[in-house]
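Asker: You'll find structure25.txt just under this line, and it carries compact mmCIF, C-alpha atoms.
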```txt
# COMPACT_ATOMS: atom_id res chain seq x y z
CA MET A 1 25.67 220.71 192.04
CA ARG A 2 23.80 221.13 188.77
CA LEU A 3 20.35 219.64 189.38
CA ILE A 4 17.95 218.65 186.64
CA SER A 5 14.49 217.84 187.93
CA LEU A 6 12.53 216.15 185.15
CA SER A 7 9.56 214.92 187.16
CA ALA A 8 6.70 216.70 188.82
CA PRO A 9 7.47 217.54 192.46
CA ARG A 10 5.80 215.37 195.08
CA SER A 11 5.30 215.94 198.75
CA ASP A 12 7.42 214.05 201.25
CA GLY A 13 4.33 212.13 202.29
CA GLN A 14 3.67 211.07 198.71
CA ARG A 15 7.30 210.00 198.32
CA ARG A 16 7.16 207.87 201.45
CA THR A 17 3.92 206.25 200.33
CA LEU A 18 5.29 205.45 196.90
CA GLY A 19 8.44 204.08 198.46
CA ARG A 20 6.49 201.69 200.71
CA ARG A 21 4.23 200.49 197.93
CA ARG A 22 6.93 199.67 195.44
CA LEU A 23 9.17 197.39 197.52
CA VAL A 24 7.10 194.21 197.45
CA PRO A 25 6.12 194.25 193.76
CA ALA A 26 9.65 195.33 192.87
CA GLY A 27 11.01 192.13 194.38
CA LEU A 28 8.53 190.07 192.40
CA LEU A 29 9.36 191.93 189.22
CA LEU A 30 13.07 191.50 189.82
CA LEU A 31 12.80 187.73 190.09
CA GLY A 32 10.13 187.33 187.44
CA GLY A 33 11.76 189.75 185.03
CA PHE A 34 15.08 187.97 185.02
CA THR A 35 14.07 184.34 185.43
CA GLY A 36 11.09 184.46 183.10
CA CYS A 37 13.03 185.11 179.91
CA ALA A 38 16.04 183.40 178.41
CA THR A 39 18.31 184.22 175.52
CA PRO A 40 20.24 181.64 173.49
CA THR A 41 23.90 181.04 174.18
CA GLY A 42 26.67 181.16 171.61
CA VAL A 43 25.31 184.34 169.99
CA LEU A 44 28.78 185.87 169.55
CA LEU A 45 29.72 183.47 166.75
CA PRO A 46 30.36 185.75 163.74
CA VAL A 47 27.86 185.58 160.90
CA SER A 48 29.05 184.95 157.38
CA ALA A 49 28.04 188.32 155.88
CA PRO A 50 26.59 191.70 156.89
CA ALA A 51 23.03 192.71 156.02
CA PRO A 52 22.15 195.61 153.67
CA GLY A 53 21.54 198.81 155.63
CA ALA A 54 22.98 197.47 158.88
CA SER A 55 25.36 199.56 161.01
CA THR A 56 28.51 198.43 162.75
CA VAL A 57 30.24 199.29 166.02
CA GLU A 58 33.79 198.08 166.57
CA MET A 59 35.12 198.02 170.12
CA LEU A 60 38.03 196.97 172.28
CA VAL A 61 37.10 194.74 175.22
CA ALA A 62 39.16 194.25 178.40
CA THR A 63 37.99 191.59 180.85
CA THR A 64 38.84 189.74 184.06
CA ARG A 65 36.52 186.87 183.13
CA THR A 66 37.78 183.36 182.45
CA PRO A 67 37.56 182.10 178.85
CA ALA A 68 34.52 179.97 178.08
CA ALA A 69 34.58 176.57 176.39
CA ASP A 70 31.89 177.71 173.92
CA PRO A 71 33.50 179.88 171.18
CA GLY A 72 30.18 181.67 170.77
CA GLU A 73 30.15 182.64 174.45
CA LEU A 74 33.84 183.69 174.62
CA PHE A 75 33.96 184.43 178.35
CA SER A 76 32.14 183.02 181.38
CA GLY A 77 31.33 184.45 184.80
CA GLY A 78 34.48 182.96 186.36
CA ARG A 79 37.32 185.12 187.68
CA ASP A 80 40.72 185.24 186.00
CA LEU A 81 43.81 186.86 187.51
CA SER A 82 45.12 187.41 183.98
CA GLU A 83 43.42 190.05 181.85
CA SER A 84 42.15 189.17 178.39
CA TYR A 85 41.28 191.41 175.48
CA ALA A 86 39.03 191.16 172.46
CA ASN A 87 38.38 193.15 169.30
CA ILE A 88 34.71 192.74 168.40
CA THR A 89 32.64 194.21 165.59
CA VAL A 90 28.89 194.21 166.25
CA SER A 91 26.33 194.52 163.46
CA ILE A 92 23.15 196.42 164.34
CA PRO A 93 19.98 195.97 162.25
CA PRO A 94 18.82 198.81 159.99
CA ASP A 95 17.14 201.64 161.88
CA ASN A 96 13.81 201.04 160.15
CA VAL A 97 13.41 197.61 161.77
CA ARG A 98 14.40 198.49 165.34
CA GLN A 99 13.64 200.95 168.10
CA ILE A 100 16.18 203.28 169.65
CA GLY A 101 17.26 201.97 173.03
CA GLU A 102 16.54 198.30 172.38
CA VAL A 103 18.82 195.36 171.73
CA GLN A 104 17.30 192.94 169.24
CA TRP A 105 18.54 189.62 170.61
CA PRO A 106 19.12 186.67 168.27
CA GLN A 107 16.41 184.05 168.50
CA GLN A 108 19.01 181.40 167.79
CA ALA A 109 22.73 181.22 167.09
CA PRO A 110 23.99 182.48 164.77
CA GLY A 111 21.57 185.36 164.50
CA ASP A 112 19.99 187.12 161.53
CA ALA A 113 21.96 190.27 160.68
CA ALA A 114 18.91 191.78 158.97
CA THR A 115 16.83 191.92 162.15
CA GLU A 116 19.11 191.08 165.11
CA PHE A 117 22.34 192.09 166.81
CA VAL A 118 25.16 189.82 165.62
CA THR A 119 28.96 189.89 165.43
CA LEU A 120 30.97 190.20 162.23
CA LYS A 121 34.42 189.81 163.78
CA VAL A 122 35.77 188.44 167.08
CA ASP A 123 39.50 188.38 167.89
CA VAL A 124 40.63 187.36 171.40
CA THR A 125 44.10 187.80 172.90
CA GLN A 126 45.89 188.05 176.25
CA ASP A 127 48.62 190.20 174.73
CA ARG A 128 48.30 193.77 176.00
CA ALA A 129 50.66 195.05 173.29
CA GLN A 130 48.33 193.65 170.64
CA ALA A 131 45.35 195.19 172.43
CA LYS A 132 47.07 198.57 172.39
CA GLU A 133 47.70 198.28 168.65
CA THR A 134 44.01 197.52 168.11
CA PHE A 135 43.02 200.47 170.27
CA ASN A 136 45.33 202.87 168.43
CA ARG A 137 43.82 201.82 165.11
CA LEU A 138 40.29 202.42 166.40
CA ASN A 139 41.11 205.68 168.13
CA LYS A 140 42.47 207.26 164.95
CA GLN A 141 38.85 207.32 163.70
CA ALA A 142 37.47 209.19 166.75
CA PRO A 143 37.12 212.99 166.47
CA GLY A 144 39.04 214.65 169.28
CA ARG A 145 40.58 211.28 170.17
CA THR A 146 37.89 210.74 172.79
CA VAL A 147 37.46 207.35 174.48
CA LEU A 148 34.25 206.05 176.06
CA VAL A 149 34.82 203.34 178.67
CA PHE A 150 31.68 201.39 179.64
CA VAL A 151 31.47 199.34 182.85
CA HIS A 152 28.36 197.13 183.07
CA GLY A 153 26.37 196.20 186.15
CA PHE A 154 25.01 193.24 188.09
CA ASN A 155 23.57 190.15 186.38
CA ASN A 156 25.33 190.66 183.04
CA ARG A 157 26.77 187.97 180.84
CA PHE A 158 29.64 188.79 178.54
CA GLU A 159 27.39 189.09 175.49
CA ASP A 160 24.94 191.32 177.41
CA ALA A 161 27.70 193.88 177.96
CA VAL A 162 29.00 193.69 174.37
CA PHE A 163 25.59 194.24 172.76
CA ARG A 164 24.58 196.95 175.26
CA LEU A 165 27.68 199.05 174.56
CA ALA A 166 27.21 198.64 170.81
CA GLN A 167 23.57 199.72 171.12
CA PHE A 168 24.42 202.75 173.25
CA VAL A 169 27.22 203.95 170.96
CA HIS A 170 25.06 203.56 167.86
CA ASP A 171 21.92 205.17 169.30
CA SER A 172 23.70 208.04 171.07
CA ARG A 173 25.89 208.82 168.03
CA ALA A 174 28.77 209.36 170.44
CA ASN A 175 31.94 210.29 168.57
CA ALA A 176 34.25 208.22 170.75
CA THR A 177 36.29 205.04 170.66
CA PRO A 178 34.24 202.43 172.56
CA VAL A 179 36.09 200.40 175.19
CA LEU A 180 34.24 197.81 177.26
CA PHE A 181 35.50 196.74 180.66
CA THR A 182 33.62 193.60 181.67
CA TRP A 183 34.09 191.99 185.06
CA PRO A 184 33.05 188.46 186.20
CA SER A 185 29.29 188.60 186.69
CA ARG A 186 27.51 185.24 186.91
CA GLY A 187 24.61 186.60 184.87
CA SER A 188 22.16 185.33 187.51
CA VAL A 189 19.80 187.24 189.77
CA PHE A 190 20.70 184.80 192.57
CA ALA A 191 24.43 185.66 192.45
CA TYR A 192 24.31 189.18 193.91
CA GLY A 193 26.99 188.47 196.53
CA TYR A 194 29.30 186.80 194.02
CA ASP A 195 28.92 189.69 191.60
CA LEU A 196 29.63 192.31 194.27
CA GLU A 197 32.85 190.56 195.28
CA SER A 198 33.77 190.12 191.60
CA ALA A 199 33.47 193.89 191.19
CA SER A 200 35.99 194.38 194.00
CA PHE A 201 38.16 191.65 192.48
CA SER A 202 38.34 193.67 189.24
CA ARG A 203 39.12 197.15 190.55
CA ASP A 204 42.88 196.83 190.04
CA ALA A 205 42.38 195.75 186.42
CA LEU A 206 40.07 198.68 185.68
CA GLU A 207 42.52 201.08 187.31
CA GLY A 208 45.28 199.64 185.11
CA LEU A 209 43.16 199.98 181.97
CA LEU A 210 42.32 203.61 182.71
CA ARG A 211 45.97 204.35 183.45
CA TRP A 212 47.33 202.95 180.17
CA LEU A 213 44.59 204.72 178.22
CA ALA A 214 45.49 208.00 179.95
CA GLN A 215 49.19 207.48 179.26
CA ASN A 216 48.56 206.95 175.55
CA PRO A 217 49.58 210.12 173.67
CA GLN A 218 46.90 209.41 171.05
CA VAL A 219 44.14 209.83 173.66
CA GLY A 220 42.72 213.32 174.17
CA GLU A 221 39.89 212.64 176.63
CA ILE A 222 38.45 209.69 178.55
CA ASP A 223 34.78 209.52 179.54
CA VAL A 224 33.54 206.71 181.78
CA LEU A 225 29.97 205.39 181.81
CA ALA A 226 29.20 202.97 184.65
CA HIS A 227 25.89 201.22 185.29
CA SER A 228 24.41 199.76 188.48
CA MET A 229 26.98 197.66 190.39
CA GLY A 230 29.58 198.69 187.82
CA ASN A 231 29.69 202.00 189.67
CA TRP A 232 31.27 200.22 192.64
CA VAL A 233 34.24 198.92 190.64
CA THR A 234 34.53 202.29 188.88
CA LEU A 235 34.58 204.40 192.05
CA GLU A 236 37.01 201.97 193.68
CA ALA A 237 39.37 202.07 190.68
CA LEU A 238 39.35 205.87 190.57
CA ARG A 239 39.85 206.10 194.33
CA GLN A 240 42.85 203.78 194.09
CA MET A 241 44.32 205.77 191.21
CA ALA A 242 44.04 209.01 193.19
CA ILE A 243 45.69 207.47 196.26
CA ARG A 244 48.42 205.75 194.24
CA ASP A 245 49.24 208.64 191.88
CA GLY A 246 48.27 211.63 194.00
CA ARG A 247 45.40 212.50 191.66
CA ILE A 248 43.19 211.04 188.96
CA ALA A 249 44.66 211.23 185.46
CA PRO A 250 43.65 214.63 183.99
CA LYS A 251 42.47 213.03 180.75
CA ILE A 252 39.61 211.37 182.64
CA ARG A 253 37.12 214.23 182.26
CA ASN A 254 33.61 212.87 182.85
CA VAL A 255 32.35 209.98 184.97
CA MET A 256 28.67 209.15 184.40
CA LEU A 257 27.10 207.23 187.27
CA ALA A 258 23.99 205.55 185.82
CA ALA A 259 21.64 204.03 188.42
CA PRO A 260 24.55 203.37 190.80
CA ASP A 261 23.97 200.47 193.18
CA VAL A 262 26.34 201.91 195.77
CA ASP A 263 25.62 202.96 199.35
CA PHE A 264 25.18 206.75 199.32
CA ASP A 265 27.48 207.39 202.30
CA VAL A 266 30.16 205.01 200.99
CA SER A 267 30.13 206.73 197.60
CA ARG A 268 30.82 210.07 199.32
CA THR A 269 33.92 208.67 201.04
CA GLN A 270 35.13 207.20 197.74
CA ILE A 271 34.75 210.51 195.91
CA LEU A 272 36.26 212.56 198.75
CA ALA A 273 39.33 210.30 198.70
CA MET A 274 39.93 211.31 195.07
CA GLY A 275 40.88 214.83 196.16
CA PRO A 276 39.92 218.17 194.63
CA GLN A 277 41.39 217.47 191.18
CA ARG A 278 38.85 214.94 190.06
CA PRO A 279 36.61 214.49 187.00
CA ASP A 280 33.13 215.90 186.57
CA PHE A 281 30.67 213.42 188.07
CA ILE A 282 27.17 213.19 186.58
CA LEU A 283 24.64 211.15 188.55
CA PHE A 284 21.61 209.62 186.79
CA SER A 285 19.12 208.92 189.58
CA SER A 286 15.51 207.77 189.69
CA GLU A 287 13.10 207.17 192.52
CA ARG A 288 11.24 204.83 190.17
CA ASP A 289 14.14 202.38 189.84
CA LYS A 290 12.62 199.17 191.19
CA ALA A 291 15.85 197.19 191.12
CA LEU A 292 17.51 199.75 193.39
CA ALA A 293 14.44 199.78 195.62
CA VAL A 294 15.06 196.08 196.26
CA SER A 295 18.74 196.75 196.88
CA ARG A 296 17.89 199.54 199.33
CA LYS A 297 15.66 197.15 201.26
CA LEU A 298 18.33 194.44 201.17
CA TRP A 299 21.06 196.72 202.53
CA GLY A 300 18.85 198.89 204.71
CA ALA A 301 20.43 202.10 203.40
CA PRO A 302 19.85 204.51 200.49
CA ARG A 303 21.51 203.65 197.19
CA LEU A 304 23.17 206.52 195.35
CA GLY A 305 21.00 205.86 192.29
CA ASP A 306 17.54 206.05 193.88
CA ILE A 307 17.82 209.05 196.19
CA ASN A 308 15.60 212.11 195.83
CA PRO A 309 18.17 214.83 194.99
CA ASP A 310 15.67 217.58 195.87
CA VAL A 311 15.63 216.85 199.60
CA GLU A 312 18.17 217.07 202.38
CA PRO A 313 20.62 215.74 203.31
CA PHE A 314 21.17 214.56 199.73
CA ARG A 315 20.85 217.93 198.05
CA GLY A 316 23.43 219.64 200.23
CA GLN A 317 25.87 216.73 200.18
CA LEU A 318 25.74 216.39 196.39
CA ALA A 319 26.34 220.13 196.05
CA LYS A 320 29.29 219.95 198.42
CA GLU A 321 30.91 217.19 196.37
CA ARG A 322 30.17 219.07 193.10
CA ILE A 323 28.15 216.20 191.63
CA SER A 324 25.77 217.12 188.80
CA VAL A 325 22.45 215.32 188.95
CA LEU A 326 20.10 214.26 186.17
CA ASP A 327 16.86 213.06 187.76
CA VAL A 328 15.38 210.65 185.21
CA SER A 329 12.34 209.76 187.33
CA GLY A 330 10.09 211.36 184.71
CA PHE A 331 11.51 209.27 181.86
CA ARG A 332 10.39 205.78 180.91
CA SER A 333 12.05 202.85 179.22
CA THR A 334 10.95 199.45 178.00
CA ASP A 335 12.61 197.89 181.07
CA PRO A 336 9.82 197.13 183.59
CA LEU A 337 12.30 197.76 186.42
CA GLN A 338 13.22 201.22 185.04
CA HIS A 339 16.84 200.37 185.82
CA GLY A 340 18.35 200.81 182.35
CA THR A 341 16.89 204.21 181.44
CA PHE A 342 20.33 205.64 180.60
CA ALA A 343 20.56 203.35 177.55
CA GLU A 344 16.93 202.49 176.78
CA ASN A 345 15.09 205.80 176.80
CA PRO A 346 15.65 207.49 173.41
CA GLN A 347 15.81 211.01 174.84
CA ILE A 348 18.33 210.16 177.56
CA VAL A 349 20.52 208.19 175.14
CA GLN A 350 20.66 211.08 172.70
CA LEU A 351 21.12 213.71 175.42
CA ILE A 352 24.21 211.85 176.63
CA GLY A 353 25.51 211.58 173.07
CA ARG A 354 25.11 215.31 172.46
CA SER A 355 26.77 216.10 175.76
CA LEU A 356 29.77 213.89 174.96
CA ASN A 357 30.12 215.28 171.44
CA SER A 358 29.83 218.91 172.51
CA GLY A 359 31.98 218.64 175.63
CA GLN A 360 29.22 220.24 177.69
CA VAL A 361 28.15 218.77 181.01
CA LEU A 362 24.43 218.04 181.11
CA THR A 363 22.55 220.84 182.87
CA ASP A 364 18.93 221.90 182.97
CA SER A 365 19.66 224.53 180.32
CA ARG A 366 20.56 221.70 177.92
CA VAL A 367 17.27 219.81 178.39
CA GLY A 368 14.25 221.23 176.62
CA LEU A 369 10.76 221.10 178.09
CA GLY A 370 9.64 219.28 174.96
CA GLU A 371 12.22 216.57 175.59
CA ARG A 372 10.90 216.11 179.10
CA VAL A 373 7.44 215.53 177.68
CA MET A 374 8.81 213.10 175.08
CA GLY A 375 10.65 211.26 177.82
CA LEU A 376 7.35 210.00 179.20
CA THR A 377 6.90 207.81 176.11
CA ALA A 378 9.68 205.25 175.63
CA GLY A 379 10.71 203.28 172.58
CA ALA A 380 10.08 205.73 169.75
CA ALA A 381 11.27 204.19 166.50
CA SER A 382 13.38 207.16 165.48
CA THR A 383 14.02 210.83 166.19
CA VAL A 384 11.31 211.65 163.67
CA GLY A 385 8.95 209.35 165.57
CA GLN A 386 9.83 211.03 168.85
CA ALA A 387 9.19 214.47 167.42
CA ALA A 388 5.91 213.31 165.92
CA GLY A 389 4.88 211.84 169.25
CA LEU A 390 5.63 215.12 170.97
CA ALA A 391 3.67 217.18 168.46
CA ALA A 392 0.70 214.85 168.71
CA THR A 393 0.56 214.66 172.51
CA ALA A 394 1.66 218.10 173.71
CA PRO A 395 0.75 221.71 172.91
CA LEU A 396 3.04 223.11 170.26
CA ALA A 397 4.05 225.81 172.72
CA VAL A 398 6.12 223.32 174.69
CA ILE A 399 8.35 222.69 171.68
CA ASP A 400 10.76 225.20 173.13
CA PRO A 401 13.93 226.67 171.57
CA THR A 402 16.20 224.07 173.17
CA THR A 403 14.10 221.19 171.85
CA ARG A 404 13.99 222.86 168.44
CA GLU A 405 17.77 223.15 168.52
CA HIS A 406 18.11 219.42 169.24
CA TYR A 407 15.56 218.18 166.71
CA GLY A 408 16.02 220.85 164.06
CA GLU A 409 14.06 220.92 160.84
CA ARG A 410 12.08 217.77 161.68
CA ILE A 411 10.10 219.64 164.35
CA GLU A 412 9.66 222.67 162.11
CA SER A 413 8.20 220.43 159.43
CA LEU A 414 5.88 218.75 161.90
CA THR A 415 4.57 222.01 163.34
CA GLU A 416 3.73 223.19 159.81
CA THR A 417 1.96 220.01 158.70
CA LEU A 418 0.25 218.91 161.93
CA PRO A 419 -2.74 221.33 161.81
CA ALA A 420 -3.68 220.18 158.31
CA THR A 421 -3.32 216.55 159.36
CA ILE A 422 -5.58 217.03 162.39
CA GLN A 423 -8.19 218.89 160.31
CA ALA A 424 -8.30 216.01 157.82
CA GLN A 425 -9.16 213.47 160.54
```
Write the structure described by the file as structure tokens, please.

Answerer:
Amino acid sequence: MRLISLSAPRSDGQRRTLGRRRLVPAGLLLLGGFTGCATPTGVLLPVSAPAPGASTVEMLVATTRTPAADPGELFSGGRDLSESYANITVSIPPDNVRQIGEVQWPQQAPGDAATEFVTLKVDVTQDRAQAKETFNRLNKQAPGRTVLVFVHGFNNRFEDAVFRLAQFVHDSRANATPVLFTWPSRGSVFAYGYDLESASFSRDALEGLLRWLAQNPQVGEIDVLAHSMGNWVTLEALRQMAIRDGRIAPKIRNVMLAAPDVDFDVSRTQILAMGPQRPDFILFSSERDKALAVSRKLWGAPRLGDINPDVEPFRGQLAKERISVLDVSGFRSTDPLQHGTFAENPQIVQLIGRSLNSGQVLTDSRVGLGERVMGLTAGAASTVGQAAGLAATAPLAVIDPTTREHYGERIESLTETLPATIQAQ
């Protein structure tokens, strides 16, 4: 196990106290956070023209959702035995009007491409051959022919998943062909049971998608990023593949488990069933994840995503299964539940992107002390803003060689100009 501890150590007594205190307010936040805000429907209707300075992310989508009557919604939370596919191009506002890690939702449909996430193209089909042609066209543009498959979590509408993947790919600068697998979530906090069974309903389809990607000679590597309940369908699909084929397809190299809402013991049995020839697993865990705290209370058992990887039995069991751990407890995001840190905290997003592009598994040697300090402040407008925030809030000595490597000349420039700026105040 490669363990990255990014938060100050706490005693067991402190951990127990924090755990007891957070359960009740977490439940209130969970209900209030999701029911207190609403986004317009029909936001996937393509706009007439792109905006100057906007960026685009084109993706292939595979789904087990039923088609929606609203053409701007595309797919509902219903279950469909037949798989559907879509080729979607998302426009992302210019970097100077948005913050890394955030999705700027349209205030109305269609949205404003200058300031909001919108679509430029939407093509839907149930023809797998056509979907493969689309994928091959997209994959020719990816260095190393790498594919990134994203599997969303609980309480996600179709458009939530589309915009989140586009945001992550853009902000992480991942050099990979984005493929979204979206399963039938109701998009409601009150549909937890329905969503969990929908995840199981979709495991065969995800297994099939991963298999035909792995069998494609144009594909060099497949990385999987699963979030929350999406980890259940992901682990089930990989387990089935290993049982059915005798092993997991070798092209599936990395499986990133972000805030997994999966019983810890069950996840161990799933991974063990995959056999010794399995991908590298990277767990993103946080004891501050309030959504998983509610889930832990609901199920009465630890969730894989909110364990403390420093203590036994978790530490020894993770090491035995060769699971790398990135403890993101010390990082913050704009999400009050701290459940989407993998995509919303600028440092984590960019760390994942660098790891994917370099082919190196995230380890503590790849995370600079300066980045850990920056991680405490979420929502920096840009890398320059992050570096400036670090230089202003931390001693320059903590801008260590690894952080300098990641942020390059921008930090060097800041360290040269900051003393004169402070003196002028």

Asker: What are the closest atom pairs, with distances in Å to one decimal, for each residue of range 212-294 of chain A lying within 12 Å of range 306-312 of chain A, using all atoms listed in the file, rows by chain and rising residue number, as CSV?

Answerer:
```
residue,atom,partner,partner_atom,distance
A:Ser228,CA,A:Asp306,CA,10.8
A:Leu257,CA,A:Asp306,CA,11.7
A:Ala258,CA,A:Asp306,CA,10.3
A:Ala259,CA,A:Asp306,CA,7.1
A:Pro260,CA,A:Asp306,CA,8.1
A:Asp261,CA,A:Asp306,CA,8.5
A:Val262,CA,A:Asp306,CA,9.9
A:Asp263,CA,A:Asp306,CA,10.2
A:Phe264,CA,A:Ile307,CA,8.3
A:Asp265,CA,A:Ile307,CA,11.6
A:Leu283,CA,A:Pro309,CA,9.8
A:Phe284,CA,A:Asp306,CA,8.9
A:Ser285,CA,A:Asp306,CA,5.4
A:Ser286,CA,A:Asp306,CA,5.0
A:Glu287,CA,A:Asp306,CA,4.8
A:Arg288,CA,A:Asp306,CA,7.4
A:Asp289,CA,A:Asp306,CA,6.4
A:Lys290,CA,A:Asp306,CA,8.9
A:Ala291,CA,A:Asp306,CA,9.4
A:Leu292,CA,A:Asp306,CA,6.3
A:Ala293,CA,A:Asp306,CA,7.2
A:Val294,CA,A:Asp306,CA,10.5
```

Asker: With only C-alpha atoms as the counted atoms, please give the residues lying no more than 8 Å from Ile282 in chain A, apart from itself and same-chain residues fewer than 6 positions off, as a PyMOL selection string.

Answerer: chain A and resi 254-257+323-326+361-362

Asker: Select, from A:Ala205, A:Val118, A:Ile100, A:Gln338, the residue with the minimum atom-to-atom distance to Glu159 in chain A, counting only C-alpha atoms.

Answerer: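 Looking at the shortest contact to Glu159 in chain A, the residue is A:Val118.
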
Asker: Quick check, in Å to one decimal: how far apart do CA of Pro40 in chain A and CA of Val233 in chain A lie?

Answerer: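 Separation between CA of Pro40 in chain A and CA of Val233 in chain A: 28.1 Å.
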
Asker: If I take CA of Arg211 in chain A and CA of Pro184 in chain A, how far is one from the other in Å, to one decimal?

Answerer: 20.7 Å

Asker: Work out how far apart CA of Phe154 in chain A and CA of Ile222 in chain A are and give it in Å to one decimal.

Answerer: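 Taking CA of Phe154 in chain A as the start and CA of Ile222 in chain A as the end point, the length is 23.3 Å.
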
Asker: When distances are computed from only C-alpha atoms, which of A:Val189, A:Arg253, A:Ala199, A:Pro217 shows the smallest separation from Ser295 in chain A?

Answerer: A:Val189

Asker: Rank A:Ser91, A:Asn156, A:Thr234, A:Ser202 by their smallest atom-to-atom distance to Ile271 in chain A, using all atoms listed in the file, and report the top residue only.

Answerer: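 Looking at the shortest contact to Ile271 in chain A, the residue is A:Thr234.
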
Asker: Which is closest to Gln141 in chain A among A:Leu209, A:Arg79, A:Arg65, A:Val57, if we use only C-alpha atoms?

Answerer: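 Between A:Leu209, A:Arg79, A:Arg65, A:Val57, the residue approaching Gln141 in chain A most closely is A:Val57.
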
Asker: Of the candidates A:Gly77, A:Thr63, A:Tyr85, A:Phe281, which shows the shortest atom-to-atom distance to Ala319 in chain A, using all atoms listed in the file?

Answerer: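 Ranking A:Gly77, A:Thr63, A:Tyr85, A:Phe281 by distance to Ala319 in chain A, first place goes to A:Phe281.
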
Asker: Might you pull out every residue within 9 Å of Phe158 in chain A, with only C-alpha atoms counted and same-chain residues fewer than 3 positions away left off, and present them as a list in words?

Answerer: Arg65, Glu73, Leu74, Phe75, Ser76, Gly77, Ala161, Val162, Phe163, Thr182, Trp183, Pro184, Ser185 and Gly187 of chain A

Asker: From the set A:Gly111, A:Leu138, A:Val103, A:Glu116, which residue has the shortest atom-to-atom contact distance to Asn87 in chain A, counting all atoms listed in the file?

Answerer: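 Among the listed residues, A:Leu138 lies closest to Asn87 in chain A.
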
Asker: Would you pick out the contacts of range 236-250 of chain A at 6 Å or less, using only C-alpha atoms, so that residues sharing its chain but fewer than 2 positions from it are not included, and give the list as a list of chain:residue names?

Answerer: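 Selected residues are A:Arg203, A:Glu207, A:Val233, A:Thr234, A:Ile252, A:Gln270, A:Met274, A:Arg278.
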
Asker: Take the point (26.3, 192.0, 190.7) as written in the file and pick out every residue within 7 Å of it, counting all atoms listed in the file; give the list as a ChimeraX atom specification.

Answerer: /A:153-155,185,191-196,229
